[in-house]
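J.: Contents are mmCIF, C-alpha atoms and all ligand atoms; file name data.cif:
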data_final
#
loop_
_atom_site.label_atom_id
_atom_site.label_comp_id
_atom_site.auth_asym_id
_atom_site.auth_seq_id
_atom_site.Cartn_x
_atom_site.Cartn_y
_atom_site.Cartn_z
CA MET A 121 134.31 175.48 103.11
CA GLU A 122 130.55 176.17 103.19
CA TRP A 123 130.51 176.30 99.36
CA LEU A 124 132.19 172.95 99.20
CA PHE A 125 129.44 171.40 101.39
CA LEU A 126 126.83 172.91 99.11
CA LEU A 127 128.45 171.15 96.11
CA LEU A 128 128.32 167.67 97.77
CA PRO A 129 124.73 166.80 96.70
CA VAL A 130 125.57 167.88 93.14
CA ALA A 131 128.61 165.57 93.14
CA MET A 132 126.49 162.69 94.46
CA ALA A 133 123.83 163.26 91.80
CA TYR A 134 126.50 163.30 89.09
CA GLY A 135 128.07 160.10 90.41
CA TRP A 136 124.68 158.35 90.46
CA PHE A 137 123.89 159.48 86.92
CA MET A 138 127.25 158.32 85.52
CA GLY A 139 127.06 155.02 87.39
CA ARG A 140 123.56 154.31 86.09
CA ASN A 141 124.68 154.94 82.56
CA SER A 142 127.56 152.50 82.83
CA VAL A 143 125.33 149.78 84.42
CA LYS A 144 122.85 150.34 81.62
CA GLN A 145 125.65 149.86 79.12
CA ASN A 146 126.79 146.61 80.84
CA ASP A 147 123.21 145.35 81.04
CA HIS A 148 122.73 146.17 77.43
CA ASN A 149 125.83 144.18 76.40
CA ALA A 150 124.87 141.23 78.57
CA GLN A 151 121.32 141.26 77.27
CA GLN A 152 122.56 141.25 73.72
CA GLU A 153 124.78 138.25 74.47
CA LEU A 154 121.91 136.45 76.15
CA SER A 155 119.48 137.07 73.35
CA ILE A 156 122.00 135.55 70.91
CA LYS A 157 122.24 132.44 73.11
CA TYR A 158 118.48 132.39 73.49
CA SER A 159 117.81 132.55 69.74
CA THR A 160 120.56 129.96 69.03
CA GLY A 161 118.88 127.74 71.63
CA LEU A 162 115.51 128.12 69.98
CA ASN A 163 117.04 127.37 66.58
CA TYR A 164 118.44 124.11 67.90
CA LEU A 165 115.08 123.31 69.49
CA PHE A 166 113.25 123.78 66.21
CA SER A 167 115.83 121.75 64.30
CA ASN A 168 115.20 118.90 66.78
CA GLN A 169 118.63 119.06 68.40
CA GLN A 170 117.16 119.22 71.88
CA ASP A 171 120.31 118.58 73.90
CA LYS A 172 122.18 121.45 72.24
CA ALA A 173 119.06 123.60 72.67
CA ILE A 174 119.04 122.96 76.42
CA ASP A 175 122.72 123.97 76.70
CA TYR A 176 122.06 127.32 75.07
CA LEU A 177 118.76 127.95 76.80
CA LEU A 178 120.23 127.19 80.21
CA GLU A 179 122.88 129.81 79.64
CA ALA A 180 120.36 132.28 78.26
CA LEU A 181 117.95 131.79 81.16
CA LYS A 182 120.26 133.20 83.79
CA VAL A 183 119.35 131.76 87.15
CA GLU A 184 118.17 134.58 89.35
CA ASP A 185 116.16 134.21 92.54
CA ASP A 186 112.89 134.74 90.71
CA SER A 187 113.58 132.20 87.95
CA VAL A 188 114.78 129.36 90.20
CA GLU A 189 111.32 127.85 90.51
CA ALA A 190 110.94 127.85 86.72
CA HIS A 191 114.22 125.90 86.44
CA PHE A 192 113.06 123.32 88.99
CA ALA A 193 109.71 123.00 87.23
CA MET A 194 111.47 122.43 83.88
CA ALA A 195 113.74 119.75 85.37
CA ASN A 196 110.84 117.99 87.09
CA LEU A 197 108.95 117.95 83.84
CA PHE A 198 111.92 116.25 82.14
CA ARG A 199 112.12 113.71 84.95
CA ARG A 200 108.43 112.91 84.80
CA ARG A 201 108.74 112.35 81.05
CA GLY A 202 111.59 109.92 81.74
CA GLU A 203 114.17 112.24 80.17
CA LEU A 204 116.59 111.81 83.03
CA ASP A 205 119.69 113.08 81.25
CA ARG A 206 117.97 116.41 80.63
CA ALA A 207 116.67 116.70 84.18
CA LEU A 208 120.23 115.96 85.35
CA LYS A 209 121.63 118.71 83.14
CA VAL A 210 119.25 121.35 84.54
CA HIS A 211 119.79 120.31 88.14
CA GLU A 212 123.57 120.21 87.67
CA HIS A 213 123.38 123.71 86.22
CA LEU A 214 121.42 124.83 89.29
CA VAL A 215 123.93 123.23 91.66
CA GLN A 216 126.71 125.26 90.02
CA GLN A 217 124.93 128.59 90.72
CA LYS A 218 126.76 129.48 93.92
CA HIS A 219 125.00 132.83 94.27
CA LEU A 220 121.61 131.22 94.94
CA PRO A 221 120.09 131.30 98.43
CA ASN A 222 120.93 128.35 100.67
CA SER A 223 117.47 126.78 100.43
CA ALA A 224 117.56 126.76 96.59
CA GLN A 225 121.08 125.29 96.62
CA GLN A 226 119.98 122.50 98.96
CA GLN A 227 116.92 121.82 96.83
CA ALA A 228 119.15 121.55 93.74
CA VAL A 229 121.48 119.04 95.45
CA PHE A 230 118.48 117.05 96.67
CA GLU A 231 116.81 116.93 93.26
CA LEU A 232 120.10 115.97 91.63
CA GLY A 233 120.36 113.12 94.14
CA LYS A 234 116.88 111.96 93.11
CA ASP A 235 117.91 112.07 89.42
CA PHE A 236 120.98 109.92 90.12
CA LEU A 237 118.82 107.51 92.12
CA SER A 238 116.29 107.18 89.28
CA ALA A 239 119.17 106.59 86.87
CA GLY A 240 120.50 103.82 89.15
CA LEU A 241 123.71 105.76 89.83
CA TYR A 242 123.65 104.92 93.52
CA ASP A 243 127.14 106.13 94.48
CA ARG A 244 126.50 109.58 93.03
CA ALA A 245 123.03 109.78 94.59
CA GLU A 246 124.57 108.76 97.92
CA ASN A 247 127.12 111.55 97.60
CA MET A 248 124.36 114.14 97.07
CA PHE A 249 122.18 112.95 99.95
CA ASN A 250 125.18 112.78 102.28
CA GLN A 251 125.73 116.51 101.74
CA LEU A 252 122.26 117.22 103.12
CA LEU A 253 122.29 115.21 106.34
CA LYS A 254 122.46 118.34 108.48
CA SER A 255 119.82 120.23 106.48
CA LYS A 256 116.66 121.06 108.39
CA GLU A 257 114.47 120.68 105.35
CA TYR A 258 116.16 117.82 103.48
CA GLY A 259 117.92 115.91 106.30
CA LEU A 260 115.10 113.44 106.99
CA LYS A 261 114.24 112.96 103.30
CA SER A 262 117.90 112.38 102.44
CA LEU A 263 118.26 109.80 105.22
CA THR A 264 115.18 108.01 103.88
CA TYR A 265 116.69 107.86 100.38
CA LEU A 266 120.06 106.72 101.73
CA MET A 267 118.37 103.86 103.60
CA GLN A 268 116.50 103.02 100.40
CA ILE A 269 119.83 102.84 98.52
CA PHE A 270 121.44 100.62 101.15
CA GLN A 271 118.36 98.37 101.14
CA SER A 272 118.65 97.97 97.35
CA THR A 273 122.38 97.22 97.54
CA LYS A 274 121.95 95.07 100.68
CA ASP A 275 124.61 97.20 102.33
CA TRP A 276 123.22 96.64 105.83
CA GLU A 277 126.37 97.75 107.69
CA ARG A 278 126.45 101.09 105.89
CA GLY A 279 122.80 101.69 106.75
CA ILE A 280 123.61 100.98 110.40
CA GLU A 281 126.39 103.60 110.21
CA LEU A 282 123.59 106.17 109.90
CA LYS A 283 122.16 105.10 113.25
CA LYS A 284 123.16 108.29 115.09
CA ALA A 285 121.51 110.57 112.51
CA ILE A 286 118.40 108.35 112.36
CA VAL A 287 117.96 108.23 116.14
CA LYS A 288 118.26 112.03 116.20
CA THR A 289 115.30 112.40 113.82
CA LYS A 290 113.10 110.19 116.09
CA ASP A 291 111.32 109.14 112.90
CA LYS A 292 109.43 105.89 113.58
CA LYS A 293 109.58 104.60 110.00
CA LEU A 294 113.35 105.14 109.73
CA MET A 295 113.92 103.45 113.11
CA HIS A 296 111.75 100.54 111.91
CA ASN A 297 113.91 100.29 108.75
CA LEU A 298 117.07 100.42 110.83
CA ALA A 299 115.78 97.60 113.06
CA ASN A 300 115.30 95.49 109.94
CA PHE A 301 118.89 96.18 108.84
CA TYR A 302 119.98 94.67 112.19
CA CYS A 303 117.63 91.74 111.52
CA GLU A 304 119.25 91.17 108.12
CA LEU A 305 122.68 90.91 109.75
CA ALA A 306 121.20 88.70 112.47
CA THR A 307 119.81 86.36 109.78
CA ILE A 308 123.33 85.96 108.35
CA ALA A 309 124.77 85.35 111.82
CA LEU A 310 121.95 82.87 112.57
CA LYS A 311 122.94 80.77 109.56
CA LYS A 312 126.46 80.58 110.98
CA ASP A 313 124.99 79.81 114.43
CA GLU A 314 126.82 82.74 116.05
CA PHE A 315 124.68 82.81 119.19
CA ILE A 316 126.11 85.92 120.90
CA ALA A 317 126.26 87.97 117.68
CA VAL A 318 122.63 87.12 116.86
CA ILE A 319 121.38 88.11 120.31
CA GLU A 320 123.37 91.37 120.29
CA LEU A 321 122.12 92.36 116.83
CA LEU A 322 118.53 91.59 117.73
CA GLU A 323 118.72 93.47 121.00
CA ASN A 324 119.90 96.45 118.97
CA ALA A 325 116.97 95.95 116.58
CA LEU A 326 114.52 95.96 119.48
CA VAL A 327 116.05 99.16 120.87
CA GLN A 328 115.41 100.88 117.53
CA ASP A 329 111.95 99.40 117.17
CA PRO A 330 110.43 97.65 120.19
CA ASN A 331 107.56 96.53 117.94
CA SER A 332 109.73 94.55 115.52
CA CYS A 333 108.17 91.08 115.61
CA ARG A 334 110.84 89.99 113.12
CA ALA A 335 113.50 90.54 115.81
CA ASN A 336 111.56 88.35 118.25
CA TRP A 337 110.91 85.77 115.54
CA LEU A 338 114.66 85.48 114.84
CA MET A 339 115.51 85.46 118.52
CA ALA A 340 113.08 82.58 119.06
CA GLN A 341 114.91 80.66 116.28
CA ILE A 342 118.33 80.97 117.86
CA TYR A 343 116.98 80.06 121.33
CA GLU A 344 115.17 77.08 119.84
CA ASN A 345 118.34 75.95 118.04
CA HIS A 346 120.11 76.03 121.41
CA GLN A 347 117.27 74.22 123.23
CA GLN A 348 116.47 77.31 125.31
CA TYR A 349 112.73 76.80 125.00
CA VAL A 350 111.61 79.04 127.89
CA GLU A 351 113.25 82.03 126.20
CA ALA A 352 111.86 81.02 122.80
CA CYS A 353 108.32 80.81 124.22
CA LYS A 354 108.74 84.28 125.74
CA CYS A 355 109.67 85.63 122.27
CA TYR A 356 106.57 84.06 120.70
CA GLN A 357 104.38 85.56 123.43
CA ASP A 358 105.95 88.95 122.71
CA ILE A 359 105.10 88.54 119.02
CA TYR A 360 101.46 88.11 119.99
CA THR A 361 101.57 91.36 121.97
CA GLN A 362 103.41 93.12 119.11
CA ASP A 363 101.45 91.96 116.11
CA LYS A 364 98.29 89.87 116.40
CA GLU A 365 97.93 89.68 112.62
CA PHE A 366 101.35 88.09 112.11
CA PHE A 367 100.99 85.71 115.07
CA PRO A 368 99.11 82.82 113.30
CA ASP A 369 102.37 82.06 111.47
CA VAL A 370 104.24 81.20 114.67
CA ILE A 371 101.61 78.99 116.32
CA ASP A 372 103.18 75.68 115.22
CA LYS A 373 106.69 76.74 116.23
CA MET A 374 105.39 77.93 119.58
CA HIS A 375 103.56 74.63 120.11
CA HIS A 376 106.80 72.74 119.46
CA CYS A 377 108.66 74.75 122.13
CA TYR A 378 105.95 74.23 124.78
CA LYS A 379 105.91 70.52 123.91
CA GLU A 380 109.67 70.31 124.50
CA LEU A 381 109.12 71.90 127.91
CA GLY A 382 106.30 69.44 128.66
CA GLU A 383 103.88 72.33 129.12
CA GLU A 384 101.32 71.73 126.43
CA GLU A 385 98.52 72.52 128.87
CA ALA A 386 99.80 76.09 129.25
CA PHE A 387 100.16 76.38 125.48
CA PHE A 388 96.55 75.42 124.77
CA LYS A 389 95.32 77.77 127.49
CA PHE A 390 97.20 80.55 125.71
CA ILE A 391 96.00 79.51 122.25
CA ARG A 392 92.38 79.45 123.40
CA GLN A 393 92.81 83.02 124.59
CA VAL A 394 94.31 83.89 121.18
CA TYR A 395 91.33 82.31 119.42
CA GLU A 396 88.84 84.18 121.58
CA GLU A 397 90.58 87.50 121.07
CA THR A 398 91.34 87.28 117.35
CA GLY A 399 89.09 84.54 115.88
CA SER A 400 92.15 83.22 113.98
CA SER A 401 91.44 79.96 112.11
CA SER A 402 94.99 78.68 112.78
CA ALA A 403 94.43 79.17 116.52
CA LEU A 404 91.05 77.42 116.22
CA ILE A 405 92.51 74.39 114.42
CA SER A 406 95.35 74.14 116.92
CA TYR A 407 92.94 74.30 119.86
CA LEU A 408 90.66 71.64 118.31
CA THR A 409 93.48 69.05 118.31
CA HIS A 410 93.73 69.65 122.06
CA ILE A 411 89.99 69.05 122.61
CA GLU A 412 90.20 65.89 120.52
CA GLN A 413 93.14 64.56 122.52
CA THR A 414 92.02 65.47 126.01
CA ASN A 415 88.25 65.27 125.62
CA SER A 416 86.48 63.68 122.68
CA LEU A 417 85.94 64.07 118.96
CA SER A 418 82.28 64.94 119.49
CA LYS A 419 83.24 67.77 121.89
CA ALA A 420 85.69 69.05 119.25
CA LYS A 421 82.93 68.89 116.63
CA GLU A 422 80.56 70.83 118.86
CA PHE A 423 83.24 73.46 119.31
CA ILE A 424 84.07 73.82 115.61
CA LEU A 425 80.40 73.99 114.56
CA LEU A 426 79.81 76.83 116.98
CA ALA A 427 83.00 78.55 115.80
CA LEU A 428 82.10 78.22 112.09
CA LYS A 429 78.62 79.60 112.70
CA ARG A 430 80.14 82.55 114.49
CA ARG A 431 82.89 83.16 111.96
CA PRO A 432 82.96 80.97 108.84
CA THR A 433 86.34 80.38 107.18
CA ILE A 434 87.31 77.96 104.43
CA ARG A 435 90.30 76.64 106.37
CA GLY A 436 88.02 75.97 109.35
CA PHE A 437 85.55 74.17 107.08
CA LYS A 438 88.33 72.00 105.63
CA HIS A 439 89.27 70.92 109.15
CA PHE A 440 85.61 70.16 109.87
CA VAL A 441 85.47 67.86 106.80
CA LYS A 442 88.65 66.15 108.01
CA MET A 443 87.01 65.51 111.39
CA GLN A 444 83.92 64.09 109.68
CA MET A 445 86.17 61.67 107.77
CA THR A 446 87.64 60.14 110.94
CA GLU A 447 84.13 59.51 112.22
CA ALA A 448 82.62 58.15 108.99
CA GLU A 449 81.81 54.45 109.23
CA GLN A 450 81.23 53.66 105.58
CA ALA A 451 84.13 53.61 103.16
CA SER A 452 82.06 55.38 100.48
CA THR A 453 81.34 58.31 102.84
CA THR A 454 85.05 58.66 103.61
CA GLU A 455 85.79 58.64 99.91
CA ASN A 456 83.22 61.35 99.20
CA LEU A 457 84.47 63.51 102.03
CA ASP A 458 88.01 63.06 100.79
CA VAL A 459 86.99 64.45 97.38
CA ILE A 460 85.51 67.52 99.09
CA LYS A 461 88.66 67.94 101.20
CA GLN A 462 90.90 67.71 98.12
CA LEU A 463 88.75 70.25 96.35
CA ILE A 464 89.04 72.72 99.22
CA SER A 465 92.82 72.15 99.36
CA GLU A 466 93.14 72.90 95.66
CA TYR A 467 91.00 76.00 96.07
CA LEU A 468 93.12 77.26 98.96
CA LYS A 469 96.29 76.66 96.94
CA LEU A 470 95.02 79.19 94.41
CA LYS A 471 94.55 81.75 97.14
CA HIS A 472 97.44 83.81 98.45
CA ARG A 473 98.39 83.27 102.04
CA TYR A 474 99.89 86.74 102.54
CA SER A 475 98.98 90.29 101.63
CA CYS A 476 100.97 93.49 102.09
CA ARG A 477 99.19 95.85 104.47
CA THR A 478 100.83 98.86 102.77
CA CYS A 479 100.30 98.26 99.03
CA GLY A 480 98.01 95.21 98.83
CA PHE A 481 100.60 92.98 97.08
CA ASN A 482 99.57 89.31 97.36
CA SER A 483 101.94 86.38 97.73
CA SER A 484 101.97 82.72 98.69
CA THR A 485 105.46 83.09 100.13
CA HIS A 486 106.33 85.25 103.08
CA TYR A 487 108.84 88.11 102.60
CA TRP A 488 110.10 90.44 105.30
CA SER A 489 110.43 93.23 102.76
CA CYS A 490 107.49 93.59 100.37
CA PRO A 491 108.72 92.85 96.79
CA SER A 492 106.40 95.55 95.50
CA CYS A 493 106.59 98.55 97.86
CA HIS A 494 109.74 97.43 99.80
CA ASP A 495 108.14 98.20 103.17
CA TRP A 496 109.41 96.02 105.98
CA GLU A 497 107.25 93.52 107.93
CA GLN A 498 104.04 94.36 106.13
CA LEU A 499 103.32 90.95 104.56
CA LYS A 500 100.88 89.24 106.92
CA PRO A 501 98.41 86.35 106.67
CA VAL A 502 95.24 87.29 104.77
CA ARG A 503 92.20 87.69 106.97
CA GLY A 504 88.56 86.88 106.25
CA LEU A 505 86.74 83.95 104.66
CA GLU A 506 89.70 82.67 102.63
CA GLY A 507 92.37 83.43 105.20
CA GLU A 508 92.70 83.58 108.94
ZN ZN B 1 103.81 96.31 99.75
#
Take the structure in this file and express it as structure tokens.
T.:
Amino acid sequence: MEWLFLLLPVAMAYGWFMGRNSVKQNDHNAQQELSIKYSTGLNYLFSNQQDKAIDYLLEALKVEDDSVEAHFAMANLFRRRGELDRALKVHEHLVQQKHLPNSAQQQAVFELGKDFLSAGLYDRAENMFNQLLKSKEYGLKSLTYLMQIFQSTKDWERGIELKKAIVKTKDKKLMHNLANFYCELATIALKKDEFIAVIELLENALVQDPNSCRANWLMAQIYENHQQYVEACKCYQDIYTQDKEFFPDVIDKMHHCYKELGEEEAFFKFIRQVYEETGSSSALISYLTHIEQTNSLSKAKEFILLALKRRPTIRGFKHFVKMQMTEAEQASTTENLDVIKQLISEYLKLKHRYSCRTCGFNSSTHYWSCPSCHDWEQLKPVRGLEGE
């Protein structure tokens, strides 16, 4: 028995030696096969048949842990060059490699989703991103892309179906996007005058994003349509607290609601505060009409001169010229002032009223989603000499 134990290490050494030889033989065969594929691939590459070349090269470059990054780099290069079909091919090849570590597999699915998205194949992209919702690394990014898809296809309900996952991420931007999906549905319901549906949708929007001035803006519309002016005024006041830059656009609507309530005095008190806090030219012009009505034109002129010295704006100056016209005694002076006023109006028409705070896109029309960068609620009145 002792002799047998002494022979055990010899047997092990023999087994190891034989095993190594057979692995070497297998490796050798495989390598030979690969080098044939590799050289065929190169041949196709040189004869300008790039798609066939990629097929062969992909098979030749066996995906092992250490070559994964090279595969991703190759695919990204194709995508950057606009060769989407080739990027797709490499990423699809990577997705099929089931032996890869989990992180590389997830990355492959994610990149494939991005390829499909760039190619406009939304349903396939959606399918890829949906697979990654529980991923620690790609969950948030996938949700962002899914919301981007639903925004492009105006599939607001399907975006809202992701609410649970979005709330879980606590990501402010995603919650802000979700709030705007609710606002989109509320806009449709508002057109049909579905009072309860509008309020419910907007309350949901404000839960997701308490800073959504769009939700308050829409809510004010439905209250106003139903002559509930107190509630509408409250919404406009909330907009001022939420977004002082957007507020100048609601001044006229707010004035109308206070007028309906017979509380213009309270409105002008509020608007004076707005002017003092923000220097907005819309607030200034609105307040001047109040001074003219309750006091005198000369008091209003005193006020505007002081305001223009403090903070000159072209819109303020146009209003000043208009005031001068009402006071002018001679017809020729009125005519001259009218020419100046027309000139300023034409000049202002050339200037854009809104600019996107994210990408700088300029527009004369207001959009809730920027036509250039697609960010929500970023188009606001321009500030400075030619704006507010
Ligand atoms: Zn933008």
J.: Mind listing the residues within 8 Å of ligand ZN 1 (chain B), all atoms listed in the file counted, as an mmCIF file with C-alpha atoms, in the frame of the given file?
T.:
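This went into result-v4.cif:
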data_model
loop_
_atom_site.group_PDB
_atom_site.id
_atom_site.type_symbol
_atom_site.label_atom_id
_atom_site.label_comp_id
_atom_site.auth_asym_id
_atom_site.auth_seq_id
_atom_site.Cartn_x
_atom_site.Cartn_y
_atom_site.Cartn_z
ATOM 1 C CA SER A 475 98.980 90.290 101.630
ATOM 2 C CA CYS A 476 100.970 93.490 102.090
ATOM 3 C CA ARG A 477 99.190 95.850 104.470
ATOM 4 C CA THR A 478 100.830 98.860 102.770
ATOM 5 C CA CYS A 479 100.300 98.260 99.030
ATOM 6 C CA GLY A 480 98.010 95.210 98.830
ATOM 7 C CA PHE A 481 100.600 92.980 97.080
ATOM 8 C CA SER A 489 110.430 93.230 102.760
ATOM 9 C CA CYS A 490 107.490 93.590 100.370
ATOM 10 C CA PRO A 491 108.720 92.850 96.790
ATOM 11 C CA SER A 492 106.400 95.550 95.500
ATOM 12 C CA CYS A 493 106.590 98.550 97.860
ATOM 13 C CA HIS A 494 109.740 97.430 99.800
ATOM 14 C CA ASP A 495 108.140 98.200 103.170
ATOM 15 C CA GLN A 498 104.040 94.360 106.130
ATOM 16 C CA LEU A 499 103.320 90.950 104.560
#
J.: Using all atoms listed in the file for the distances, tell me which of A:Asp358, A:Asp171, A:Glu344, A:Glu231 is nearest to Glu380 in chain A.
T.: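 Nearest to Glu380 in chain A: A:Glu344.
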J.: Smallest atom-to-atom distance to Gly504 in chain A: which of A:Leu408, A:Val215, A:Val318, A:Ile434, using all atoms listed in the file?
T.: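 Checking each candidate against Gly504 in chain A, we get A:Ile434 as the closest.
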J.: Point out the residue among A:Gln357, A:Lys469, A:Ala306, A:Leu220 with the least atom-to-atom distance to Met339 in chain A, counting all atoms listed in the file.
T.: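 Among the listed residues, A:Ala306 lies closest to Met339 in chain A.
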J.: Given only C-alpha atoms as the basis, pick out the residue of A:Cys303, A:Ala224, A:Val287, A:Met445 nearest to Ile460 in chain A.
T.: A:Met445
J.: For CA of Asp369 in chain A and CA of Ser402 in chain A, quote the distance in Å rounded to one decimal.
T.: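 According to the coordinates, CA of Asp369 in chain A and CA of Ser402 in chain A are separated by 8.2 Å.
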J.: State, in Å with one decimal place, the distance from CA of Arg503 in chain A to CA of Phe366 in chain A.
T.: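 For CA of Arg503 in chain A relative to CA of Phe366 in chain A, the distance reads 10.5 Å.
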J.: Mind checking which residues fall within 12 Å of range 289-292 of chain A, counting only C-alpha atoms, ignoring those fewer than 5 positions away in the same chain, and posting them as a list of chain:residue names?
T.: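 So, after excluding close chain neighbours, the residues are A:Leu253, A:Lys254, A:Ser255, A:Lys256, A:Glu257, A:Tyr258, A:Gly259, A:Leu260, A:Lys261, A:Ser262, A:Leu263, A:Thr264, A:Leu282, A:Lys283, A:Lys284, A:Asn297, A:Leu298, A:Ala299, A:Val327, A:Gln328, A:Asp329, A:Pro330, A:Asn331, A:Ser332.
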J.: Which of these residues is nearest to Lys438 in chain A, using all atoms listed in the file: A:Thr160, A:Gln268, A:Ser401, A:Asn196?
T.: A:Ser401
J.: With a distance cut-off of 9 Å and only C-alpha atoms, select the neighbouring residues of Thr409 in chain A, excluding the residue or stretch itself and same-chain residues fewer than 5 positions from it, and output the selection as a PyMOL selection string.
T.: chain A and resi 404+414+420
J.: Would you mind reading off the distance between CA of Thr485 in chain A and CA of Gly279 in chain A, one decimal, in Å?
T.: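 Interatomic distance, CA of Thr485 in chain A to CA of Gly279 in chain A: 26.3 Å.
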